[in-house]
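Heads up, the thing below is written out as structure tokens.
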Amino acid sequence: GGGEDRAPAGVFAPVLDPAELMRTAAERWADTSRVDFTAWPARGGRTDDDGLLGRALRAWAGPPESVRVSATPGTFTVPPAQPPRLLFAGEVDGAAVVLFHDGGVRVVRYAEPLSGSGGAALDFARTDDADVTTGAAVVVSRTGDGARFLLAPWIDASTTRDLLAPDTPGRPLEVGPDGVTAAVPRPAAGGACETWPVLRLRSSGRIVENHAFVVTDLGDLAPVHLTYTPKPGRGAPARQPREATSTEALVAWARTACSLRTLAGSGVRSVNNWAFAEQKLPEGRASADWLCTRADTWRGPGRVLVQFLAPAASPTEPAAVVADRDDTALCSRFGQHVLAGTHWRADSGRWYVLAAGSRAVTRIEASGAV
């Protein structure tokens, strides 16, 4: 370097030089076994704007006070150790936006207003070990109550639907030639939980046959992948998580979607609803379901909500959360045994203690004032 504050004109460290940015070929995603952010081509109308790209890289290397910086938990904000991959550079909702991918670990979003005196923003999110589903979209813009996504090049079809309306078909989502979607309503952060918008995406047949999946926006750059594990079958092996696209999965998510509010902004990678037990209730023939809702973060630790789904007059009546655990392996492949209990009041007015366990639980004993 030279000078007290900056390098001499025309001299840049390679990592800050737009000419050194990595760029993936447009059709690479269809001819690789690593279908993740490394397969995204550079898209947008300003991918050759060295001025914009240089400002974004310099802001990343040393953001001035005028740049607002945010990062999901567990995400480093240090400058890149090698030239990052350019994913997008273009104009969206009155801002010039640049998206970088940093060596398999982070996605970085830089945005500066096209007019006015507002400052730039720099957002960081972890994306290590992303795949076809968790690397399928990135938030490129948020305005008001909506968000636009940049979809992966392998997404063939996209619709939006409301998790709180499981019987309502999805609506086609408009996607521009650069892969940027129309604005999608965001789940309300507070107040009444009346809708829960999600994206239903389908991968191209060039890489996988008719693979549809659901993601939702929880406030981070990367949307959250939603899955469902069905009820255990009699004499059948343990079920594995599957895409939340079936009627059974959508019915379960209609009762539990509003619990996702508690996970907003915490760097969640995926959330699975595991229907680990079904139970006949006292004083009648009605039955209830027990769900373990597990949120896995990009950094590893998970959070678990055990939810009790009693019979309800409305298909969207929220389930009762009977347990809440942080930093646990419960309800994952490394914590496959679960036991939970709650109090339940029958129509007669009498209270009962109910309990249920996963398939390895063979007997439950209750003591005390039960």
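Following the order of the structure tokens, first chain is A, next is B, and so on, with residues numbered from 1 inside each chain and ligands from 1 in the order they appear.
Within segment 54-152 of chain A, DSSP applied to the backbone places the following residues in helix (DSSP H, G or I): A:Gly54, A:Arg55, A:Ala56, A:Leu57, A:Arg58, A:Ala59, A:Trp60, A:Ala61.
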Output C-alpha atoms of each residue in that selection to a file, as a compact mmCIF listing (two decimals), in the first residue's frame.
# COMPACT_ATOMS: atom_id res chain seq x y z
CA GLY A 54 -15.73 -1.72 -6.44
CA ARG A 55 -17.83 0.26 -3.96
CA ALA A 56 -19.46 -2.94 -2.74
CA LEU A 57 -16.10 -4.66 -2.25
CA ARG A 58 -14.56 -1.67 -0.47
CA ALA A 59 -17.57 -1.40 1.84
CA TRP A 60 -17.14 -5.08 2.69
CA ALA A 61 -13.41 -4.62 3.34
Residues near segment 289-298 of chain A, cut-off 6 Å, only C-alpha atoms, skip fewer than 5 positions along chain, as an NGL selection string: :A and (267-278 or 303-309)
Residue with smallest distance to Pro301 of chain A - pool A:Pro318, A:Ala286, A:Asp48, A:Thr328, counting only C-alpha atoms: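 Between A:Pro318, A:Ala286, A:Asp48, A:Thr328, the residue approaching Pro301 of chain A most closely is A:Thr328.
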DSSP strand (DSSP E) selection over segment 21-196 of chain A, as number ranges by chain: A: 68-71, 85-92, 95-102, 106-113, 121-126, 137-143, 146-151, 155-162, 171-172, 184-185
Nearby residues (only C-alpha atoms) at most 9 Å from Arg171 of chain A, same-chain spacing under 5 positions excluded, as a ChimeraX atom specification: /A:158-161
Residue subset to file, keeping all heavy atoms, as a PDB file, in the first residue's frame:
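So selection-v8.pdb came out as:
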ATOM      1  N   SER A 158     -42.494 -21.428  -9.897  1.00  0.00           N
ATOM      2  CA  SER A 158     -42.622 -20.822  -8.576  1.00  0.00           C
ATOM      3  C   SER A 158     -44.038 -20.311  -8.383  1.00  0.00           C
ATOM      4  O   SER A 158     -44.625 -19.705  -9.281  1.00  0.00           O
ATOM      5  CB  SER A 158     -41.624 -19.674  -8.409  1.00  0.00           C
ATOM      6  OG  SER A 158     -41.784 -18.715  -9.429  1.00  0.00           O
ATOM      7  N   THR A 159     -44.592 -20.586  -7.215  1.00  0.00           N
ATOM      8  CA  THR A 159     -45.899 -20.086  -6.836  1.00  0.00           C
ATOM      9  C   THR A 159     -45.827 -19.582  -5.402  1.00  0.00           C
ATOM     10  O   THR A 159     -44.865 -19.874  -4.677  1.00  0.00           O
ATOM     11  CB  THR A 159     -46.991 -21.173  -6.932  1.00  0.00           C
ATOM     12  OG1 THR A 159     -46.625 -22.272  -6.067  1.00  0.00           O
ATOM     13  CG2 THR A 159     -47.135 -21.682  -8.350  1.00  0.00           C
ATOM     14  N   THR A 160     -46.821 -18.827  -5.002  1.00  0.00           N
ATOM     15  CA  THR A 160     -46.954 -18.432  -3.603  1.00  0.00           C
ATOM     16  C   THR A 160     -48.258 -19.010  -3.069  1.00  0.00           C
ATOM     17  O   THR A 160     -49.229 -19.200  -3.813  1.00  0.00           O
ATOM     18  CB  THR A 160     -46.983 -16.901  -3.444  1.00  0.00           C
ATOM     19  OG1 THR A 160     -48.092 -16.364  -4.168  1.00  0.00           O
ATOM     20  CG2 THR A 160     -45.699 -16.285  -3.973  1.00  0.00           C
ATOM     21  N   ARG A 161     -48.262 -19.293  -1.780  1.00  0.00           N
ATOM     22  CA  ARG A 161     -49.473 -19.766  -1.139  1.00  0.00           C
ATOM     23  C   ARG A 161     -49.472 -19.323   0.315  1.00  0.00           C
ATOM     24  O   ARG A 161     -48.449 -18.864   0.836  1.00  0.00           O
ATOM     25  CB  ARG A 161     -49.629 -21.285  -1.244  1.00  0.00           C
ATOM     26  CG  ARG A 161     -48.608 -22.106  -0.508  1.00  0.00           C
ATOM     27  CD  ARG A 161     -48.950 -23.592  -0.630  1.00  0.00           C
ATOM     28  NE  ARG A 161     -50.303 -23.862  -0.173  1.00  0.00           N
ATOM     29  CZ  ARG A 161     -51.131 -24.717  -0.781  1.00  0.00           C
ATOM     30  NH1 ARG A 161     -50.739 -25.364  -1.863  1.00  0.00           N
ATOM     31  NH2 ARG A 161     -52.348 -24.924  -0.307  1.00  0.00           N
TER      32      ARG A 161
END
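The spacing separating atom CA of Pro166 of chain A from atom CA of Val251 of chain A amounts to 6.0 Å.
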Closest of A:Trp29, A:Arg23, A:Gly116, A:Ser259 to Pro83 of chain A - atom-to-atom distances counting only C-alpha atoms: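 Answer, going by the shortest atom-to-atom distance: A:Arg23.
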Which residue of A:Asp93, A:Asp178, A:Asp123, A:Glu27 approaches Thr47 of chain A most closely, using only C-alpha atoms: A:Asp178
Give me, as JSON lines, the closest atom pair and its distance (Å, one decimal) for every residue of segment 106-174 of chain A within a cut-off of 9 Å of segment 191-205 of chain A, counting only C-alpha atoms, rows sorted by chain and rising number.
{"residue": "A:Val132", "atom": "CA", "partner": "A:Ser203", "partner_atom": "CA", "distance": 7.9}
{"residue": "A:Thr133", "atom": "CA", "partner": "A:Ser203", "partner_atom": "CA", "distance": 8.7}
{"residue": "A:Ala136", "atom": "CA", "partner": "A:Leu201", "partner_atom": "CA", "distance": 8.3}
{"residue": "A:Pro153", "atom": "CA", "partner": "A:Ser204", "partner_atom": "CA", "distance": 8.8}
{"residue": "A:Trp154", "atom": "CA", "partner": "A:Ser204", "partner_atom": "CA", "distance": 5.3}
{"residue": "A:Ile155", "atom": "CA", "partner": "A:Ser203", "partner_atom": "CA", "distance": 4.6}
{"residue": "A:Asp156", "atom": "CA", "partner": "A:Ser204", "partner_atom": "CA", "distance": 4.9}
{"residue": "A:Ala157", "atom": "CA", "partner": "A:Arg202", "partner_atom": "CA", "distance": 5.2}
{"residue": "A:Ser158", "atom": "CA", "partner": "A:Leu201", "partner_atom": "CA", "distance": 4.6}
{"residue": "A:Thr159", "atom": "CA", "partner": "A:Arg200", "partner_atom": "CA", "distance": 5.2}
{"residue": "A:Thr160", "atom": "CA", "partner": "A:Leu199", "partner_atom": "CA", "distance": 4.6}
{"residue": "A:Arg161", "atom": "CA", "partner": "A:Val198", "partner_atom": "CA", "distance": 5.6}
{"residue": "A:Asp162", "atom": "CA", "partner": "A:Pro197", "partner_atom": "CA", "distance": 4.6}
{"residue": "A:Leu163", "atom": "CA", "partner": "A:Trp196", "partner_atom": "CA", "distance": 5.3}
{"residue": "A:Leu164", "atom": "CA", "partner": "A:Thr195", "partner_atom": "CA", "distance": 5.6}
{"residue": "A:Ala165", "atom": "CA", "partner": "A:Thr195", "partner_atom": "CA", "distance": 7.8}
{"residue": "A:Gly170", "atom": "CA", "partner": "A:Arg200", "partner_atom": "CA", "distance": 7.9}
{"residue": "A:Leu173", "atom": "CA", "partner": "A:Leu199", "partner_atom": "CA", "distance": 8.5}
Point-to-point distance in Å for atom CA of Thr77 of chain A and atom CA of Pro113 of chain A: 21.6 Å
Distance of atom CA of Gly104 of chain A from atom CA of Asp128 of chain A, expressed in Å to one decimal place: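 Separating atom CA of Asp128 of chain A from atom CA of Gly104 of chain A is a distance of 5.4 Å.
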Sort by chain and increasing residue number a table of all residues of segment 55-94 of chain A within 7 Å of segment 17-21 of chain A, each with its closest pair of atoms and their distance in Å to one decimal, counting only C-alpha atoms, and write it as a tab-separated table.
residue	atom	partner	partner_atom	distance
A:Pro83	CA	A:Leu21	CA	5.3
A:Pro84	CA	A:Leu21	CA	5.7
A:Arg85	CA	A:Leu21	CA	5.7
A:Leu86	CA	A:Leu21	CA	6.3
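Counting only C-alpha atoms and comparing A:Ala329, A:Val108, A:Leu218, A:Ala288, the residue that lies closest to Pro311 of chain A is A:Ala288.
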Counting only C-alpha atoms, give me one row per residue of segment 128-173 of chain A with an atom at most 8 Å from an atom of segment 180-186 of chain A, showing the shortest contact pair and its distance in Å to one decimal, sorted by chain then residue number, as CSV.
residue,atom,partner,partner_atom,distance
A:Val140,CA,A:Val180,CA,7.8
A:Asp145,CA,A:Arg186,CA,5.5
A:Gly146,CA,A:Pro185,CA,4.3
A:Ala147,CA,A:Ala183,CA,5.1
A:Arg148,CA,A:Ala183,CA,4.7
A:Phe149,CA,A:Thr181,CA,5.4
A:Leu150,CA,A:Val180,CA,4.5
A:Leu151,CA,A:Val180,CA,6.5
A:Thr160,CA,A:Val184,CA,7.7
A:Leu173,CA,A:Ala182,CA,6.7
How about saving the chosen residues, N, CA, C and O atoms kept, as a PDB file, in the first residue's frame?
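Saved file out39.pdb follows:
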ATOM      1  N   VAL A 140     -33.355 -10.334  -2.259  1.00  0.00           N
ATOM      2  CA  VAL A 140     -32.583  -9.304  -2.944  1.00  0.00           C
ATOM      3  C   VAL A 140     -33.062  -7.901  -2.578  1.00  0.00           C
ATOM      4  O   VAL A 140     -32.323  -6.929  -2.699  1.00  0.00           O
ATOM      5  N   ASP A 145     -44.029  -4.193   3.308  1.00  0.00           N
ATOM      6  CA  ASP A 145     -44.470  -5.509   3.770  1.00  0.00           C
ATOM      7  C   ASP A 145     -44.128  -6.621   2.787  1.00  0.00           C
ATOM      8  O   ASP A 145     -44.657  -7.728   2.898  1.00  0.00           O
ATOM      9  N   GLY A 146     -43.258  -6.338   1.801  1.00  0.00           N
ATOM     10  CA  GLY A 146     -42.945  -7.335   0.795  1.00  0.00           C
ATOM     11  C   GLY A 146     -41.464  -7.561   0.619  1.00  0.00           C
ATOM     12  O   GLY A 146     -40.633  -6.781   1.094  1.00  0.00           O
ATOM     13  N   ALA A 147     -41.120  -8.644  -0.049  1.00  0.00           N
ATOM     14  CA  ALA A 147     -39.723  -8.971  -0.346  1.00  0.00           C
ATOM     15  C   ALA A 147     -39.642  -9.566  -1.733  1.00  0.00           C
ATOM     16  O   ALA A 147     -40.561 -10.263  -2.191  1.00  0.00           O
ATOM     17  N   ARG A 148     -38.550  -9.260  -2.420  1.00  0.00           N
ATOM     18  CA  ARG A 148     -38.255  -9.881  -3.715  1.00  0.00           C
ATOM     19  C   ARG A 148     -37.095 -10.858  -3.527  1.00  0.00           C
ATOM     20  O   ARG A 148     -36.159 -10.576  -2.772  1.00  0.00           O
ATOM     21  N   PHE A 149     -37.162 -11.960  -4.253  1.00  0.00           N
ATOM     22  CA  PHE A 149     -36.143 -12.994  -4.154  1.00  0.00           C
ATOM     23  C   PHE A 149     -35.416 -13.144  -5.489  1.00  0.00           C
ATOM     24  O   PHE A 149     -36.021 -12.977  -6.555  1.00  0.00           O
ATOM     25  N   LEU A 150     -34.145 -13.458  -5.414  1.00  0.00           N
ATOM     26  CA  LEU A 150     -33.396 -13.922  -6.577  1.00  0.00           C
ATOM     27  C   LEU A 150     -33.399 -15.436  -6.508  1.00  0.00           C
ATOM     28  O   LEU A 150     -32.889 -16.019  -5.538  1.00  0.00           O
ATOM     29  N   LEU A 151     -34.002 -16.077  -7.510  1.00  0.00           N
ATOM     30  CA  LEU A 151     -34.128 -17.532  -7.501  1.00  0.00           C
ATOM     31  C   LEU A 151     -32.923 -18.191  -8.144  1.00  0.00           C
ATOM     32  O   LEU A 151     -32.284 -17.641  -9.044  1.00  0.00           O
ATOM     33  N   THR A 160     -46.821 -18.827  -5.002  1.00  0.00           N
ATOM     34  CA  THR A 160     -46.954 -18.432  -3.603  1.00  0.00           C
ATOM     35  C   THR A 160     -48.258 -19.010  -3.069  1.00  0.00           C
ATOM     36  O   THR A 160     -49.229 -19.200  -3.813  1.00  0.00           O
ATOM     37  N   LEU A 173     -46.129 -17.052  -9.368  1.00  0.00           N
ATOM     38  CA  LEU A 173     -45.269 -15.939  -8.976  1.00  0.00           C
ATOM     39  C   LEU A 173     -44.482 -15.479 -10.193  1.00  0.00           C
ATOM     40  O   LEU A 173     -43.759 -16.264 -10.814  1.00  0.00           O
TER      41      LEU A 173
END
Test item: residues at most 10 Å from Asp31 of chain A, only C-alpha atoms, excluding those fewer than 4 positions along its chain, as a list of chain:residue names: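 My reading of the contact set: A:Glu27, A:Val35, A:Ala39, A:Arg206, A:Ile207.
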Residues as selected, all heavy atoms, written as a PDB file, in the first residue's frame, can you do that?
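File written: again-v8.pdb
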ATOM      1  N   GLU A  27     -24.694 -22.065 -17.696  1.00  0.00           N
ATOM      2  CA  GLU A  27     -25.308 -23.392 -17.648  1.00  0.00           C
ATOM      3  C   GLU A  27     -24.574 -24.362 -16.728  1.00  0.00           C
ATOM      4  O   GLU A  27     -24.838 -25.565 -16.762  1.00  0.00           O
ATOM      5  CB  GLU A  27     -25.360 -23.974 -19.062  1.00  0.00           C
ATOM      6  CG  GLU A  27     -26.265 -23.211 -20.015  1.00  0.00           C
ATOM      7  CD  GLU A  27     -27.716 -23.280 -19.576  1.00  0.00           C
ATOM      8  OE1 GLU A  27     -28.203 -24.392 -19.310  1.00  0.00           O
ATOM      9  OE2 GLU A  27     -28.357 -22.216 -19.481  1.00  0.00           O
ATOM     10  N   VAL A  35     -24.756 -28.737  -6.574  1.00  0.00           N
ATOM     11  CA  VAL A  35     -25.821 -27.795  -6.911  1.00  0.00           C
ATOM     12  C   VAL A  35     -26.067 -26.909  -5.692  1.00  0.00           C
ATOM     13  O   VAL A  35     -26.885 -27.212  -4.826  1.00  0.00           O
ATOM     14  CB  VAL A  35     -27.104 -28.528  -7.343  1.00  0.00           C
ATOM     15  CG1 VAL A  35     -28.167 -27.536  -7.786  1.00  0.00           C
ATOM     16  CG2 VAL A  35     -26.791 -29.500  -8.469  1.00  0.00           C
ATOM     17  N   ALA A  39     -22.852 -22.765  -8.103  1.00  0.00           N
ATOM     18  CA  ALA A  39     -23.360 -22.996  -9.462  1.00  0.00           C
ATOM     19  C   ALA A  39     -24.197 -21.829  -9.972  1.00  0.00           C
ATOM     20  O   ALA A  39     -24.691 -21.882 -11.099  1.00  0.00           O
ATOM     21  CB  ALA A  39     -24.195 -24.279  -9.487  1.00  0.00           C
ATOM     22  N   ARG A 206     -33.868 -31.066 -15.371  1.00  0.00           N
ATOM     23  CA  ARG A 206     -32.491 -31.318 -15.827  1.00  0.00           C
ATOM     24  C   ARG A 206     -31.594 -31.783 -14.689  1.00  0.00           C
ATOM     25  O   ARG A 206     -30.525 -32.352 -14.935  1.00  0.00           O
ATOM     26  CB  ARG A 206     -31.916 -30.054 -16.461  1.00  0.00           C
ATOM     27  CG  ARG A 206     -32.655 -29.616 -17.721  1.00  0.00           C
ATOM     28  CD  ARG A 206     -32.191 -28.262 -18.212  1.00  0.00           C
ATOM     29  NE  ARG A 206     -30.787 -28.289 -18.642  1.00  0.00           N
ATOM     30  CZ  ARG A 206     -30.119 -27.213 -19.064  1.00  0.00           C
ATOM     31  NH1 ARG A 206     -30.735 -26.024 -19.082  1.00  0.00           N
ATOM     32  NH2 ARG A 206     -28.868 -27.306 -19.449  1.00  0.00           N
ATOM     33  N   ILE A 207     -31.999 -31.517 -13.446  1.00  0.00           N
ATOM     34  CA  ILE A 207     -31.166 -31.962 -12.325  1.00  0.00           C
ATOM     35  C   ILE A 207     -31.891 -32.913 -11.384  1.00  0.00           C
ATOM     36  O   ILE A 207     -31.261 -33.727 -10.720  1.00  0.00           O
ATOM     37  CB  ILE A 207     -30.618 -30.773 -11.508  1.00  0.00           C
ATOM     38  CG1 ILE A 207     -31.771 -29.935 -10.939  1.00  0.00           C
ATOM     39  CG2 ILE A 207     -29.698 -29.914 -12.357  1.00  0.00           C
ATOM     40  CD1 ILE A 207     -31.307 -28.901  -9.913  1.00  0.00           C
TER      41      ILE A 207
END
Contact residues around Phe37 of chain A with only C-alpha atoms at 9 Å, ignoring same-chain residues under 6 positions, as a ChimeraX atom specification: /A:85,87,101,104,107,127,130-131,135-136,152
Could you dump the residues just selected with C-alpha atoms as a CSV table (one decimal), in the first residue's frame?
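So selection-v1.csv came out as:
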chain,number,residue,atom,x,y,z
A,85,ARG,CA,-18.2,-15.1,-6.5
A,87,LEU,CA,-24.2,-13.7,-8.0
A,101,HIS,CA,-20.9,-15.6,-2.4
A,104,GLY,CA,-19.1,-21.6,0.4
A,107,VAL,CA,-23.8,-14.7,1.1
A,127,THR,CA,-24.9,-20.5,3.8
A,130,ALA,CA,-26.4,-25.2,1.1
A,131,ASP,CA,-28.1,-27.5,-1.4
A,135,GLY,CA,-29.6,-22.6,-1.9
A,136,ALA,CA,-32.7,-22.0,-4.0
A,152,ALA,CA,-31.5,-20.2,-8.3
Of the listed residues A:Val67, A:Ala313, A:Thr134, A:Gly302, that which approaches Leu330 of chain A most closely, counting only C-alpha atoms: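 The shortest atom-to-atom distance to Leu330 of chain A comes from A:Gly302.
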Arg239 of chain A environment, 8 Å, only C-alpha atoms, sequence neighbours closer than 2 positions dropped, as a PyMOL selection string: chain A and resi 229-232+237+241
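Across A:Leu339, A:Arg68, A:Leu52, A:Trp351, the tightest approach to Arg363 of chain A is made by A:Leu339 when counting only C-alpha atoms.
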